[in-house]
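Structure file protein.cif; described as mmCIF, C-alpha atoms and all ligand atoms.
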data_final
loop_
_atom_site.label_atom_id
_atom_site.label_comp_id
_atom_site.auth_asym_id
_atom_site.auth_seq_id
_atom_site.Cartn_x
_atom_site.Cartn_y
_atom_site.Cartn_z
CA MET A 4 22.91 4.13 -6.81
CA HIS A 5 19.80 2.51 -5.35
CA ASP A 6 19.25 2.45 -1.62
CA THR A 7 19.43 -0.94 0.04
CA ILE A 8 18.10 -1.98 3.42
CA SER A 9 20.59 -3.04 6.04
CA SER A 10 19.84 -3.59 9.70
CA SER A 11 23.12 -1.90 10.65
CA GLN A 12 22.37 1.17 8.55
CA ALA A 13 20.62 4.05 10.29
CA PRO A 14 18.33 6.24 8.19
CA ARG A 15 20.29 9.24 6.88
CA ALA A 16 18.05 11.77 8.56
CA ILE A 17 15.24 11.27 10.99
CA ARG A 18 12.43 13.68 10.38
CA ALA A 19 8.86 13.90 11.48
CA LEU A 20 6.09 14.58 8.99
CA PRO A 21 6.69 18.08 7.57
CA GLU A 22 4.39 20.88 8.72
CA ASP A 23 5.06 22.83 5.52
CA ILE A 24 3.69 20.88 2.55
CA SER A 25 4.18 23.54 -0.10
CA GLY A 26 5.89 22.10 -3.18
CA LEU A 27 5.30 18.50 -2.07
CA ALA A 28 3.55 15.64 -3.84
CA VAL A 29 2.16 13.24 -1.23
CA PHE A 30 1.91 9.44 -1.64
CA LEU A 31 -0.11 7.73 1.07
CA ASP A 32 -0.37 4.06 1.87
CA ILE A 33 -3.72 3.04 3.39
CA ASP A 34 -3.68 0.05 5.81
CA GLY A 35 -1.46 0.74 8.79
CA THR A 36 -0.84 4.30 7.59
CA LEU A 37 -4.15 6.07 7.06
CA LEU A 38 -6.26 3.41 8.76
CA ASP A 39 -5.55 1.42 11.91
CA ILE A 40 -4.95 -2.28 11.39
CA ALA A 41 -8.12 -4.29 12.06
CA PRO A 42 -8.72 -8.02 12.60
CA THR A 43 -9.94 -8.47 8.99
CA PRO A 44 -9.73 -6.38 5.79
CA GLU A 45 -13.45 -5.58 5.95
CA ALA A 46 -13.33 -4.57 9.62
CA VAL A 47 -11.28 -1.41 9.09
CA ILE A 48 -12.81 1.77 10.44
CA VAL A 49 -12.72 4.92 8.36
CA PRO A 50 -12.88 7.73 10.92
CA PRO A 51 -15.59 10.30 10.23
CA GLY A 52 -14.24 13.20 8.20
CA LEU A 53 -11.20 11.36 6.80
CA PRO A 54 -12.42 11.34 3.16
CA GLN A 55 -13.15 15.07 3.39
CA ALA A 56 -9.73 15.72 4.95
CA LEU A 57 -8.09 13.84 2.05
CA GLU A 58 -10.05 15.92 -0.45
CA ARG A 59 -8.85 19.09 1.32
CA LEU A 60 -5.26 17.81 1.32
CA SER A 61 -5.51 17.09 -2.40
CA ALA A 62 -6.81 20.61 -3.04
CA ARG A 63 -3.97 22.10 -0.95
CA LEU A 64 -1.51 20.16 -3.12
CA ASP A 65 -3.20 21.16 -6.39
CA GLY A 66 -4.11 17.51 -6.93
CA ALA A 67 -0.63 16.12 -6.20
CA LEU A 68 -1.92 13.46 -3.79
CA ALA A 69 -2.09 9.74 -4.56
CA LEU A 70 -3.20 6.76 -2.49
CA VAL A 71 -0.76 3.91 -3.17
CA THR A 72 -2.04 0.68 -1.68
CA GLY A 73 -2.19 -3.09 -1.82
CA ARG A 74 -5.99 -2.87 -1.93
CA SER A 75 -7.85 -2.85 -5.24
CA VAL A 76 -8.89 0.53 -6.62
CA GLU A 77 -12.51 -0.60 -6.38
CA THR A 78 -12.14 -1.31 -2.65
CA VAL A 79 -10.45 2.03 -2.04
CA ASP A 80 -13.30 3.83 -3.76
CA ARG A 81 -15.82 1.94 -1.65
CA LEU A 82 -13.94 2.52 1.62
CA LEU A 83 -12.83 6.10 1.20
CA GLU A 84 -15.16 7.55 -1.43
CA THR A 85 -12.37 9.70 -2.80
CA ALA A 86 -13.15 9.54 -6.50
CA GLY A 87 -11.30 12.79 -7.16
CA ILE A 88 -7.99 11.47 -5.83
CA ALA A 89 -5.50 9.41 -7.83
CA VAL A 90 -5.26 5.80 -6.61
CA CYS A 91 -2.75 3.08 -7.38
CA GLY A 92 -3.89 -0.35 -6.21
CA LEU A 93 -2.56 -3.92 -6.00
CA HIS A 94 0.86 -2.66 -4.82
CA GLY A 95 1.36 -0.63 -8.00
CA ALA A 96 -0.30 -2.84 -10.60
CA GLU A 97 -3.68 -1.12 -10.93
CA GLN A 98 -4.19 2.59 -11.37
CA ARG A 99 -6.88 5.21 -11.45
CA ASP A 100 -5.73 8.75 -12.14
CA ALA A 101 -7.49 11.86 -10.84
CA ALA A 102 -9.33 12.12 -14.16
CA GLY A 103 -10.94 8.73 -13.48
CA ARG A 104 -9.05 6.62 -16.03
CA ILE A 105 -8.44 3.08 -14.69
CA THR A 106 -5.68 0.71 -15.83
CA ARG A 107 -6.15 -2.93 -14.73
CA PRO A 108 -3.91 -5.94 -15.34
CA GLU A 109 -5.45 -8.94 -17.10
CA THR A 110 -5.47 -12.39 -15.55
CA THR A 111 -4.70 -15.79 -17.09
CA GLU A 112 -6.34 -19.23 -16.92
CA ALA A 113 -3.61 -20.38 -14.55
CA PHE A 114 -4.30 -17.42 -12.28
CA GLU A 115 -8.04 -18.12 -12.34
CA ARG A 116 -7.30 -21.73 -11.28
CA ALA A 117 -5.10 -20.43 -8.46
CA ARG A 118 -7.87 -18.07 -7.32
CA ALA A 119 -10.39 -20.93 -7.08
CA LEU A 120 -7.87 -23.23 -5.42
CA LEU A 121 -6.89 -20.66 -2.81
CA ARG A 122 -10.52 -19.89 -1.99
CA ASN A 123 -11.25 -23.61 -1.51
CA ARG A 124 -8.10 -24.45 0.41
CA LEU A 125 -8.43 -21.54 2.85
CA ALA A 126 -12.03 -22.57 3.53
CA LEU A 127 -10.51 -25.72 5.04
CA LEU A 128 -8.10 -23.77 7.28
CA PRO A 129 -10.22 -22.29 10.09
CA GLY A 130 -9.36 -18.69 10.93
CA THR A 131 -7.65 -17.95 7.63
CA LEU A 132 -9.27 -15.56 5.20
CA PHE A 133 -9.34 -15.37 1.41
CA GLU A 134 -9.26 -11.91 -0.17
CA ASP A 135 -10.14 -11.58 -3.85
CA LYS A 136 -8.67 -8.42 -5.33
CA GLY A 137 -9.14 -9.10 -9.04
CA ALA A 138 -5.66 -9.51 -10.50
CA ALA A 139 -4.28 -10.26 -7.02
CA ILE A 140 -5.27 -12.73 -4.31
CA ALA A 141 -4.42 -12.71 -0.64
CA ALA A 142 -4.34 -15.26 2.18
CA HIS A 143 -4.75 -13.70 5.63
CA TYR A 144 -3.80 -15.45 8.86
CA ARG A 145 -4.18 -12.65 11.44
CA LEU A 146 -6.96 -14.61 13.17
CA ALA A 147 -5.03 -17.88 12.98
CA PRO A 148 -1.33 -17.08 13.47
CA ASP A 149 -0.51 -20.75 13.97
CA ARG A 150 -1.53 -21.31 10.31
CA GLU A 151 1.28 -19.08 8.99
CA GLY A 152 3.42 -22.01 7.84
CA GLU A 153 0.58 -23.69 5.97
CA VAL A 154 -0.48 -20.41 4.35
CA ARG A 155 3.06 -19.63 3.23
CA ALA A 156 3.53 -23.11 1.80
CA LEU A 157 0.21 -22.93 -0.07
CA MET A 158 1.00 -19.52 -1.54
CA ALA A 159 4.47 -20.67 -2.61
CA GLU A 160 2.83 -23.62 -4.39
CA LEU A 161 0.37 -21.31 -6.16
CA ALA A 162 3.16 -18.92 -7.13
CA ARG A 163 4.88 -21.78 -8.95
CA GLU A 164 1.65 -22.69 -10.72
CA VAL A 165 0.72 -19.21 -11.96
CA GLY A 166 4.17 -18.58 -13.43
CA GLU A 167 6.38 -15.55 -13.81
CA SER A 168 3.69 -12.92 -14.26
CA TRP A 169 2.81 -12.93 -10.56
CA VAL A 170 5.01 -12.55 -7.54
CA LEU A 171 4.60 -13.29 -3.83
CA GLN A 172 4.14 -10.25 -1.62
CA GLN A 173 4.57 -10.49 2.14
CA GLY A 174 2.59 -8.21 4.38
CA LYS A 175 1.23 -7.92 7.89
CA GLN A 176 -0.06 -11.43 8.62
CA VAL A 177 -0.91 -11.84 4.95
CA VAL A 178 0.71 -13.44 1.91
CA GLU A 179 -0.39 -12.25 -1.51
CA LEU A 180 0.12 -13.04 -5.17
CA ARG A 181 0.31 -9.77 -7.05
CA PRO A 182 1.15 -8.95 -10.67
CA ARG A 183 4.90 -8.75 -11.24
CA GLY A 184 6.51 -5.77 -12.86
CA ARG A 185 5.09 -2.71 -11.15
CA ASP A 186 5.64 -2.12 -7.46
CA LYS A 187 4.80 0.92 -5.34
CA GLY A 188 8.13 2.50 -6.29
CA ALA A 189 7.32 2.27 -9.99
CA ALA A 190 3.89 3.74 -9.22
CA LEU A 191 5.43 6.75 -7.44
CA THR A 192 7.94 7.24 -10.25
CA ALA A 193 5.18 7.14 -12.88
CA PHE A 194 3.10 9.71 -11.01
CA MET A 195 6.16 11.96 -10.63
CA ALA A 196 6.64 12.02 -14.40
CA VAL A 197 3.30 13.74 -15.03
CA GLU A 198 1.30 16.76 -13.92
CA PRO A 199 0.37 17.79 -11.28
CA PHE A 200 3.15 15.82 -9.56
CA ARG A 201 6.02 16.52 -11.96
CA THR A 202 7.34 19.79 -10.58
CA ARG A 203 7.02 18.78 -6.94
CA ARG A 204 9.10 16.86 -4.40
CA PRO A 205 7.69 13.47 -3.34
CA LEU A 206 6.76 12.56 0.22
CA ALA A 207 6.01 8.83 0.61
CA ILE A 208 4.29 7.63 3.79
CA GLY A 209 3.84 3.92 4.52
CA ASP A 210 4.14 1.21 7.14
CA ASP A 211 5.03 -2.10 5.54
CA VAL A 212 7.50 -4.10 3.41
CA THR A 213 5.64 -3.16 0.23
CA ASP A 214 6.23 0.53 0.97
CA GLU A 215 10.02 0.17 0.90
CA ALA A 216 10.01 0.43 -2.91
CA MET A 217 8.06 3.68 -2.57
CA PHE A 218 10.54 4.99 0.02
CA ALA A 219 13.47 4.13 -2.28
CA ALA A 220 11.81 5.90 -5.21
CA ALA A 221 11.05 9.01 -3.14
CA ASN A 222 14.58 9.09 -1.69
CA GLY A 223 16.01 8.72 -5.20
CA LEU A 224 14.12 11.83 -6.30
CA ASP A 225 15.53 13.80 -3.35
CA GLY A 226 12.17 13.43 -1.64
CA LEU A 227 10.99 12.52 1.82
CA SER A 228 9.98 9.12 3.16
CA VAL A 229 8.20 8.42 6.42
CA ARG A 230 7.60 5.06 8.04
CA VAL A 231 4.55 4.70 10.29
CA GLY A 232 4.98 2.66 13.46
CA ASP A 233 8.06 0.68 14.30
CA ASP A 234 8.22 -3.10 14.50
CA GLY A 235 12.01 -3.09 14.56
CA ARG A 236 12.30 -3.99 10.87
CA PRO A 237 15.00 -2.00 9.04
CA SER A 238 13.60 0.60 6.65
CA LEU A 239 14.76 2.98 3.95
CA ALA A 240 12.40 5.64 5.28
CA ARG A 241 14.19 8.75 6.50
CA GLY A 242 11.48 9.80 8.91
CA ARG A 243 9.08 8.26 11.36
CA ALA A 244 5.46 8.79 12.42
CA ALA A 245 4.13 7.07 15.51
CA SER A 246 0.83 5.69 14.25
CA PRO A 247 -2.02 6.05 11.74
CA ALA A 248 -3.66 8.40 14.26
CA ALA A 249 -0.58 10.64 14.07
CA VAL A 250 -0.78 10.60 10.25
CA ARG A 251 -4.48 11.51 10.33
CA ALA A 252 -3.82 14.33 12.81
CA TRP A 253 -1.06 15.62 10.49
CA ILE A 254 -3.43 15.53 7.50
CA ALA A 255 -6.05 17.45 9.45
CA ARG A 256 -3.42 20.09 10.38
CA VAL A 257 -1.75 20.60 7.03
CA ALA A 258 -4.97 20.39 5.02
CA ALA A 259 -6.78 22.96 7.16
O1 LIG B 301 -0.65 -1.21 1.03
P1 LIG B 301 -1.69 -1.13 2.09
O2 LIG B 301 -2.71 -0.05 1.84
O3 LIG B 301 -1.12 -1.01 3.47
O4 LIG B 301 -2.46 -2.51 2.02
C1 LIG B 301 -1.79 -3.70 2.47
C2 LIG B 301 -2.80 -4.80 2.70
O5 LIG B 301 -3.74 -4.27 3.65
C3 LIG B 301 -4.85 -5.08 4.00
O6 LIG B 301 -4.40 -6.12 4.87
C4 LIG B 301 -3.86 -5.62 6.07
O7 LIG B 301 -4.83 -4.82 6.76
C5 LIG B 301 -6.00 -5.53 7.24
C6 LIG B 301 -6.95 -4.52 7.85
O8 LIG B 301 -6.32 -3.82 8.87
C7 LIG B 301 -5.56 -6.61 8.24
O9 LIG B 301 -6.68 -7.32 8.72
C8 LIG B 301 -4.55 -7.53 7.56
O10 LIG B 301 -4.05 -8.46 8.50
C9 LIG B 301 -3.38 -6.74 6.97
O11 LIG B 301 -2.52 -7.60 6.24
C10 LIG B 301 -5.54 -5.63 2.77
O12 LIG B 301 -6.50 -6.59 3.15
C11 LIG B 301 -4.61 -6.18 1.73
O13 LIG B 301 -5.33 -6.45 0.53
C12 LIG B 301 -3.55 -5.13 1.41
O14 LIG B 301 -2.64 -5.60 0.44
MG MG B 302 0.19 -0.39 4.73
#
Transcribe the structure of this file into structure tokens.
Ligand SMILES: O=P(O)(O)OC[C@H]1O[C@H](O[C@H]2O[C@H](CO)[C@@H](O)[C@H](O)[C@H]2O)[C@H](O)[C@@H](O)[C@@H]1O
Ligand SMILES: [Mg+2]
Amino acid sequence: MHDTISSSQAPRAIRALPEDISGLAVFLDIDGTLLDIAPTPEAVIVPPGLPQALERLSARLDGALALVTGRSVETVDRLLETAGIAVCGLHGAEQRDAAGRITRPETTEAFERARALLRNRLALLPGTLFEDKGAAIAAHYRLAPDREGEVRALMAELAREVGESWVLQQGKQVVELRPRGRDKGAALTAFMAVEPFRTRRPLAIGDDVTDEAMFAAANGLDGLSVRVGDDGRPSLARGRAASPAAVRAWIARVAA
């Protein structure tokens, strides 16, 4: 049976991040998990040494490390320079395996119209921000929280126009249109079906609504799931980590 989220349901076991990572396959979200949340997507700070620590963690896990994010694979490569690590982008829709093979969803004319429309409409809403991620588009309102209603209404309108192949994704002061059909849970499950992940136990670490699918998938494979931060929202994650800084400190410890 699949896990479901209920505010009255406590996680089955509260655990911290495990100090023994032998036999684990690790799935890491990026924004709010590896990196601190910043005012804009481009303003994130990658602490010195983090890419090298991720490479060491991957080596410790015999390659069974994947970054599973809402960002595009291209952006992850630019930010983290971790070409040797498997990446799944656009909340599960876009993938680059550790061998460098990239799978990208195609767009449609309707989606291209929506992209142009969103770019133009957000330019008229001061403080909002358009993010172009290829087969996904995002409308940010972190710098203009009073625009949330307008942004949500606009994205709902675009979702109707692009049709069934895209779905709305809520996030931290962002609304996105991402390809339907593959979420972060499906991404984790696909990784776990192949080497070097296959014989290991998954550990999913994330902070946001989009990570719940990954937590459910990890839990369903008798794995571990850890939620970073706590905004009071119910979560399927069975463990907690205080902050991205705590996650980075854990990586530095277990990868040493
Ligand atoms: O799945 P993730 O790796 O957590 O990515 C989720 C989204 O993260 C980014 O937006 C969020 O982080 C920004 C930088 O801290 C912040 O300014 C924004 O308000 C957050 O929503 C990213 O821009 C999105 O594309 C990702 O989907
Ligand atoms: Mg996140």
Exercise. Which residue gives the smallest distance to Glu215 in chain A among A:Pro199, A:Pro42, A:Gly188, A:Gly87, with only C-alpha atoms counted?
Worked result: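 Closest to Glu215 in chain A of all the choices is A:Gly188.
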Report as a CSV table (one decimal) with C-alpha atoms, in the coordinates of the input which protein, DNA and RNA residues come within 8 Å of ligand LIG 301 (chain B), using all atoms listed in the file.
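As written to disk, part14.csv reads:
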chain,number,residue,atom,x,y,z
A,32,ASP,CA,-0.4,4.1,1.9
A,33,ILE,CA,-3.7,3.0,3.4
A,34,ASP,CA,-3.7,0.0,5.8
A,35,GLY,CA,-1.5,0.7,8.8
A,36,THR,CA,-0.8,4.3,7.6
A,38,LEU,CA,-6.3,3.4,8.8
A,39,ASP,CA,-5.6,1.4,11.9
A,40,ILE,CA,-5.0,-2.3,11.4
A,41,ALA,CA,-8.1,-4.3,12.1
A,42,PRO,CA,-8.7,-8.0,12.6
A,43,THR,CA,-9.9,-8.5,9.0
A,44,PRO,CA,-9.7,-6.4,5.8
A,45,GLU,CA,-13.4,-5.6,6.0
A,46,ALA,CA,-13.3,-4.6,9.6
A,47,VAL,CA,-11.3,-1.4,9.1
A,71,VAL,CA,-0.8,3.9,-3.2
A,72,THR,CA,-2.0,0.7,-1.7
A,73,GLY,CA,-2.2,-3.1,-1.8
A,74,ARG,CA,-6.0,-2.9,-1.9
A,75,SER,CA,-7.8,-2.8,-5.2
A,92,GLY,CA,-3.9,-0.4,-6.2
A,93,LEU,CA,-2.6,-3.9,-6.0
A,94,HIS,CA,0.9,-2.7,-4.8
A,134,GLU,CA,-9.3,-11.9,-0.2
A,136,LYS,CA,-8.7,-8.4,-5.3
A,140,ILE,CA,-5.3,-12.7,-4.3
A,141,ALA,CA,-4.4,-12.7,-0.6
A,143,HIS,CA,-4.8,-13.7,5.6
A,144,TYR,CA,-3.8,-15.4,8.9
A,145,ARG,CA,-4.2,-12.6,11.4
A,174,GLY,CA,2.6,-8.2,4.4
A,175,LYS,CA,1.2,-7.9,7.9
A,176,GLN,CA,-0.1,-11.4,8.6
A,177,VAL,CA,-0.9,-11.8,5.0
A,178,VAL,CA,0.7,-13.4,1.9
A,179,GLU,CA,-0.4,-12.2,-1.5
A,209,GLY,CA,3.8,3.9,4.5
A,210,ASP,CA,4.1,1.2,7.1
A,211,ASP,CA,5.0,-2.1,5.5
A,213,THR,CA,5.6,-3.2,0.2
A,214,ASP,CA,6.2,0.5,1.0
For this session: Calculate how many Å separate CA of Val231 in chain A from CA of Leu37 in chain A, rounding to one decimal.
Result: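 Result for CA of Val231 in chain A versus CA of Leu37 in chain A: 9.4 Å, one decimal.
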Spatial neighbours of Arg181 in chain A, max dist 7 Å, only C-alpha atoms, sep filter under 4 positions, as a compact mmCIF listing (two decimals) with C-alpha atoms, in the frame of the given file:
# COMPACT_ATOMS: atom_id res chain seq x y z
CA LEU A 93 -2.56 -3.92 -6.00
CA ALA A 138 -5.66 -9.51 -10.50
CA ALA A 139 -4.28 -10.26 -7.02
CA ILE A 140 -5.27 -12.73 -4.31
CA TRP A 169 2.81 -12.93 -10.56
CA VAL A 170 5.01 -12.55 -7.54
CA LEU A 171 4.60 -13.29 -3.83
CA GLN A 172 4.14 -10.25 -1.62
Box for range 64-70 of chain A: with edges along x, y and z, all listed atoms inside and 6 Å added on each side, what are the centre and edge lengths in Å to one decimal, as lines of an AutoDock Vina configuration file?
center_x = -2.4
center_y = 14.0
center_z = -4.7
size_x = 15.5
size_y = 26.4
size_z = 16.4
Exercise. Using only C-alpha atoms, which of A:Ala69, A:Arg185, A:Pro247, A:Phe218 sits nearest Gly232 in chain A?
Worked result: A:Pro247
Exercise. CA of Asn222 in chain A and CA of Met195 in chain A, how far apart in Å?
Worked result: 12.6 Å
Problem set entry | Contacts of Ala193 in chain A within 12 Å, all atoms listed in the file, excl. fewer than 2 positions in-chain, as a PyMOL selection string | chain A and resi 30+69+71+91+95-96+98+100+185-191+195-201+205+217+220-221
Exercise. Of the candidates A:Gln173, A:Thr110, A:Thr202, A:Thr192, which one gets nearest to Leu64 in chain A if we count only C-alpha atoms?
Worked result: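 Using only C-alpha atoms, the shortest distance to Leu64 in chain A belongs to A:Thr202.
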